[in-house]
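Below you'll find the structure, written out as structure tokens, and then a few comments.
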Amino acid sequence: MRVSTSKLQQLTIFTTVLTGGGIETMYYLLQKRFVESDYHRLALQKLEACPVAMESLGAPPLKVHNIHLTDRNNRIDQHTAQIKIPVTGSETGGYLYTSSIQDPYTNRWSLKQAILKLREGRTIDLLNPPAAAPAELS
């Protein structure tokens, strides 16, 4: 049985599009799973609650970017999660390094580490944040 070249080209294009769509769907679903997780939400809440960190970024607005799925800093198993979340504000950006554990009895996540590392090298420990500078008196 002979197949024409044009049919083979059509099949190749169809397969490529189908495969690409499948990969994009899986990427989207993985990112969505990260964003909806308690360990991700807890880390961002801690960042947003730290005025020194938010001011350093130039936030609000705070932009949270997709996690790099191939980054070795991102490791998740049944009861531990260690993730590196890219964030930016209007002035600079950086990475929020977090570590969380899940209580096996209550299934609740708790944040054990949350450190913001800014592009220029400064780090802010969000669990032990530095005191905000006092406002200048007029």
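We name chains A, B, ... following the order of the structure tokens; residues begin at 1 in each chain, and ligands are numbered from 1 as shown.
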Strand (DSSP E or B) positions in range 51-127 of chain A, given as a tab-separated table (two decimals) with N, CA, C and O atoms, in the first residue's frame:
chain	number	residue	atom	x	y	z
A	63	LYS	N	3.35	40.78	40.87
A	63	LYS	CA	3.08	39.82	39.80
A	63	LYS	C	3.77	38.51	40.17
A	63	LYS	O	4.96	38.49	40.44
A	64	VAL	N	3.00	37.44	40.18
A	64	VAL	CA	3.51	36.11	40.48
A	64	VAL	C	3.60	35.35	39.17
A	64	VAL	O	2.61	35.23	38.45
A	75	ARG	N	10.55	20.82	44.65
A	75	ARG	CA	10.38	19.40	44.99
A	75	ARG	C	9.15	19.26	45.86
A	75	ARG	O	9.03	19.93	46.89
A	76	ILE	N	8.27	18.39	45.45
A	76	ILE	CA	7.04	18.17	46.20
A	76	ILE	C	6.81	16.68	46.32
A	76	ILE	O	6.93	15.94	45.35
A	80	THR	N	5.82	17.06	52.05
A	80	THR	CA	6.72	18.21	52.03
A	80	THR	C	6.65	18.90	50.67
A	80	THR	O	6.40	18.26	49.65
A	81	ALA	N	6.85	20.20	50.71
A	81	ALA	CA	6.87	20.99	49.47
A	81	ALA	C	7.95	22.04	49.58
A	81	ALA	O	8.01	22.79	50.56
A	82	GLN	N	8.81	22.06	48.60
A	82	GLN	CA	9.86	23.07	48.53
A	82	GLN	C	9.75	23.68	47.15
A	82	GLN	O	9.94	22.99	46.14
A	83	ILE	N	9.39	24.98	47.09
A	83	ILE	CA	9.20	25.62	45.79
A	83	ILE	C	9.89	26.98	45.73
A	83	ILE	O	10.14	27.62	46.75
A	84	LYS	N	10.18	27.38	44.51
A	84	LYS	CA	10.83	28.65	44.21
A	84	LYS	C	9.87	29.41	43.30
A	84	LYS	O	9.67	29.04	42.15
A	85	ILE	N	9.27	30.47	43.84
A	85	ILE	CA	8.23	31.21	43.13
A	85	ILE	C	8.82	32.51	42.59
A	85	ILE	O	9.25	33.36	43.37
A	86	PRO	N	8.81	32.71	41.26
A	86	PRO	CA	9.27	33.99	40.71
A	86	PRO	C	8.22	35.08	40.93
A	86	PRO	O	7.04	34.88	40.66
A	87	VAL	N	8.67	36.23	41.46
A	87	VAL	CA	7.78	37.36	41.71
A	87	VAL	C	8.44	38.65	41.22
A	87	VAL	O	9.66	38.76	41.20
A	88	THR	N	7.61	39.60	40.83
A	88	THR	CA	8.12	40.93	40.45
A	88	THR	C	7.16	41.99	40.94
A	88	THR	O	5.96	41.76	41.10
A	93	GLY	N	12.52	42.43	40.96
A	93	GLY	CA	11.93	41.10	41.10
A	93	GLY	C	12.86	40.20	41.87
A	93	GLY	O	13.93	40.61	42.33
A	94	GLY	N	12.45	38.98	42.00
A	94	GLY	CA	13.26	38.02	42.72
A	94	GLY	C	12.54	36.69	42.81
A	94	GLY	O	11.58	36.43	42.06
A	95	TYR	N	13.01	35.87	43.72
A	95	TYR	CA	12.42	34.55	43.92
A	95	TYR	C	12.04	34.39	45.39
A	95	TYR	O	12.79	34.78	46.28
A	96	LEU	N	10.89	33.80	45.60
A	96	LEU	CA	10.42	33.47	46.93
A	96	LEU	C	10.70	31.99	47.14
A	96	LEU	O	10.09	31.13	46.51
A	97	TYR	N	11.68	31.69	48.00
A	97	TYR	CA	12.06	30.31	48.31
A	97	TYR	C	11.24	29.87	49.52
A	97	TYR	O	11.30	30.52	50.57
A	98	THR	N	10.49	28.80	49.37
A	98	THR	CA	9.63	28.35	50.45
A	98	THR	C	9.81	26.87	50.73
A	98	THR	O	10.18	26.10	49.85
A	99	SER	N	9.52	26.53	51.97
A	99	SER	CA	9.52	25.13	52.39
A	99	SER	C	8.33	24.95	53.32
A	99	SER	O	8.15	25.74	54.25
A	100	SER	N	7.53	23.93	53.05
A	100	SER	CA	6.33	23.67	53.84
A	100	SER	C	6.24	22.19	54.15
A	100	SER	O	6.76	21.36	53.41
A	101	ILE	N	5.56	21.89	55.25
A	101	ILE	CA	5.29	20.50	55.59
A	101	ILE	C	3.80	20.33	55.86
A	101	ILE	O	3.12	21.28	56.26
A	102	GLN	N	3.32	19.13	55.62
A	102	GLN	CA	1.91	18.83	55.84
A	102	GLN	C	1.77	17.93	57.06
A	102	GLN	O	2.45	16.90	57.16
A	109	TRP	N	-1.18	22.30	55.74
A	109	TRP	CA	0.19	22.70	55.43
A	109	TRP	C	0.61	23.83	56.36
A	109	TRP	O	-0.19	24.70	56.70
A	110	SER	N	1.88	23.82	56.73
A	110	SER	CA	2.44	24.93	57.50
A	110	SER	C	3.76	25.33	56.85
A	110	SER	O	4.54	24.50	56.40
A	111	LEU	N	3.98	26.62	56.83
A	111	LEU	CA	5.16	27.19	56.22
A	111	LEU	C	6.33	27.12	57.19
A	111	LEU	O	6.24	27.57	58.32
A	112	LYS	N	7.43	26.51	56.77
A	112	LYS	CA	8.60	26.38	57.62
A	112	LYS	C	9.72	27.34	57.21
A	112	LYS	O	10.59	27.66	58.01
A	113	GLN	N	9.70	27.78	55.95
A	113	GLN	CA	10.70	28.72	55.46
A	113	GLN	C	10.08	29.55	54.37
A	113	GLN	O	9.34	29.04	53.53
A	114	ALA	N	10.37	30.85	54.38
A	114	ALA	CA	9.93	31.75	53.32
A	114	ALA	C	10.95	32.87	53.23
A	114	ALA	O	11.00	33.75	54.09
A	115	ILE	N	11.78	32.80	52.21
A	115	ILE	CA	12.85	33.79	52.03
A	115	ILE	C	12.73	34.41	50.65
A	115	ILE	O	12.69	33.70	49.64
A	116	LEU	N	12.66	35.72	50.61
A	116	LEU	CA	12.63	36.46	49.35
A	116	LEU	C	14.05	36.85	49.00
A	116	LEU	O	14.72	37.53	49.79
A	117	LYS	N	14.53	36.41	47.84
A	117	LYS	CA	15.85	36.81	47.35
A	117	LYS	C	15.64	37.72	46.16
A	117	LYS	O	15.13	37.31	45.12
A	118	LEU	N	16.04	38.98	46.33
A	118	LEU	CA	15.87	39.97	45.28
A	118	LEU	C	17.00	39.87	44.26
A	118	LEU	O	18.06	39.33	44.55
A	123	THR	N	18.39	39.58	50.72
A	123	THR	CA	17.44	38.55	51.12
A	123	THR	C	16.61	39.05	52.30
A	123	THR	O	17.11	39.78	53.16
A	124	ILE	N	15.35	38.64	52.32
A	124	ILE	CA	14.45	39.01	53.40
A	124	ILE	C	13.78	37.73	53.90
A	124	ILE	O	13.11	37.04	53.13
A	125	ASP	N	14.00	37.43	55.18
A	125	ASP	CA	13.37	36.27	55.81
A	125	ASP	C	11.96	36.68	56.21
A	125	ASP	O	11.76	37.49	57.11
Range 19-30 of chain A environment, 12 Å, only C-alpha atoms, sequence neighbours closer than 6 positions dropped, as an mmCIF file with all heavy atoms, in the first residue's frame:
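Final output, part_16.cif:
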data_model
loop_
_atom_site.group_PDB
_atom_site.id
_atom_site.type_symbol
_atom_site.label_atom_id
_atom_site.label_comp_id
_atom_site.auth_asym_id
_atom_site.auth_seq_id
_atom_site.Cartn_x
_atom_site.Cartn_y
_atom_site.Cartn_z
ATOM 1 N N THR A 12 1.723 14.239 9.630
ATOM 2 C CA THR A 12 2.803 14.793 10.440
ATOM 3 C C THR A 12 2.363 16.093 11.101
ATOM 4 O O THR A 12 2.590 16.305 12.300
ATOM 5 C CB THR A 12 4.064 15.034 9.583
ATOM 6 O OG1 THR A 12 4.463 13.792 9.005
ATOM 7 C CG2 THR A 12 5.194 15.608 10.410
ATOM 8 N N ILE A 13 1.727 16.967 10.351
ATOM 9 C CA ILE A 13 1.255 18.243 10.895
ATOM 10 C C ILE A 13 0.204 17.994 11.976
ATOM 11 O O ILE A 13 0.252 18.580 13.058
ATOM 12 C CB ILE A 13 0.710 19.146 9.774
ATOM 13 C CG1 ILE A 13 1.861 19.610 8.883
ATOM 14 C CG2 ILE A 13 -0.050 20.335 10.346
ATOM 15 C CD1 ILE A 13 1.422 20.301 7.607
ATOM 16 N N GLU A 36 -3.083 26.682 43.067
ATOM 17 C CA GLU A 36 -4.218 26.367 43.934
ATOM 18 C C GLU A 36 -3.817 25.632 45.212
ATOM 19 O O GLU A 36 -4.658 25.422 46.079
ATOM 20 C CB GLU A 36 -5.247 25.537 43.163
ATOM 21 C CG GLU A 36 -5.920 26.315 42.059
ATOM 22 C CD GLU A 36 -6.862 25.469 41.217
ATOM 23 O OE1 GLU A 36 -6.835 24.216 41.329
ATOM 24 O OE2 GLU A 36 -7.610 26.063 40.425
ATOM 25 N N SER A 37 -2.553 25.282 45.344
ATOM 26 C CA SER A 37 -2.119 24.519 46.516
ATOM 27 C C SER A 37 -2.020 25.414 47.755
ATOM 28 O O SER A 37 -1.771 26.617 47.666
ATOM 29 C CB SER A 37 -0.762 23.869 46.236
ATOM 30 O OG SER A 37 0.222 24.867 46.123
ATOM 31 N N ASN A 66 4.880 31.988 36.604
ATOM 32 C CA ASN A 66 4.826 30.519 36.627
ATOM 33 C C ASN A 66 6.108 29.943 37.220
ATOM 34 O O ASN A 66 7.204 30.458 37.000
ATOM 35 C CB ASN A 66 4.647 29.959 35.211
ATOM 36 C CG ASN A 66 3.248 30.162 34.693
ATOM 37 O OD1 ASN A 66 2.301 30.338 35.450
ATOM 38 N ND2 ASN A 66 3.092 30.131 33.384
ATOM 39 N N ILE A 67 5.943 28.865 37.929
ATOM 40 C CA ILE A 67 7.067 28.135 38.503
ATOM 41 C C ILE A 67 7.808 27.418 37.376
ATOM 42 O O ILE A 67 7.177 26.892 36.458
ATOM 43 C CB ILE A 67 6.551 27.138 39.556
ATOM 44 C CG1 ILE A 67 6.019 27.918 40.752
ATOM 45 C CG2 ILE A 67 7.612 26.148 39.970
ATOM 46 C CD1 ILE A 67 5.330 27.076 41.783
ATOM 47 N N HIS A 68 9.122 27.407 37.435
ATOM 48 C CA HIS A 68 9.927 26.695 36.444
ATOM 49 C C HIS A 68 9.896 25.214 36.809
ATOM 50 O O HIS A 68 10.487 24.800 37.808
ATOM 51 C CB HIS A 68 11.361 27.223 36.422
ATOM 52 C CG HIS A 68 11.443 28.687 36.112
ATOM 53 N ND1 HIS A 68 11.657 29.163 34.846
ATOM 54 C CD2 HIS A 68 11.304 29.772 36.904
ATOM 55 C CE1 HIS A 68 11.649 30.487 34.872
ATOM 56 N NE2 HIS A 68 11.445 30.883 36.116
ATOM 57 N N LEU A 69 9.220 24.437 36.009
ATOM 58 C CA LEU A 69 8.993 23.032 36.342
ATOM 59 C C LEU A 69 10.277 22.210 36.373
ATOM 60 O O LEU A 69 10.342 21.198 37.062
ATOM 61 C CB LEU A 69 7.995 22.415 35.355
ATOM 62 C CG LEU A 69 6.600 23.055 35.363
ATOM 63 C CD1 LEU A 69 5.726 22.419 34.296
ATOM 64 C CD2 LEU A 69 5.961 22.934 36.730
ATOM 65 N N THR A 70 11.299 22.634 35.656
ATOM 66 C CA THR A 70 12.545 21.869 35.617
ATOM 67 C C THR A 70 13.558 22.327 36.674
ATOM 68 O O THR A 70 14.636 21.754 36.777
ATOM 69 C CB THR A 70 13.199 21.968 34.228
ATOM 70 O OG1 THR A 70 13.419 23.350 33.919
ATOM 71 C CG2 THR A 70 12.313 21.328 33.170
#
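Distances here use only C-alpha atoms; by that measure, the residue among A:Asn73, A:Gln31, A:Ser90, A:Ser4 closest to Pro60 in chain A is A:Ser90.
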Inset, instruction - Work out how far apart CA of Pro130 in chain A and CA of Tyr39 in chain A are and give it in Å to one decimal. - result: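 Distance reported for this atom pair: 22.8 Å.
As for CA of Ala59 in chain A and CA of Asn128 in chain A, they are spaced 19.6 Å apart.
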Legend entry - Separation of CA of Leu18 in chain A from CA of Ser6 in chain A in Å: 18.2 Å
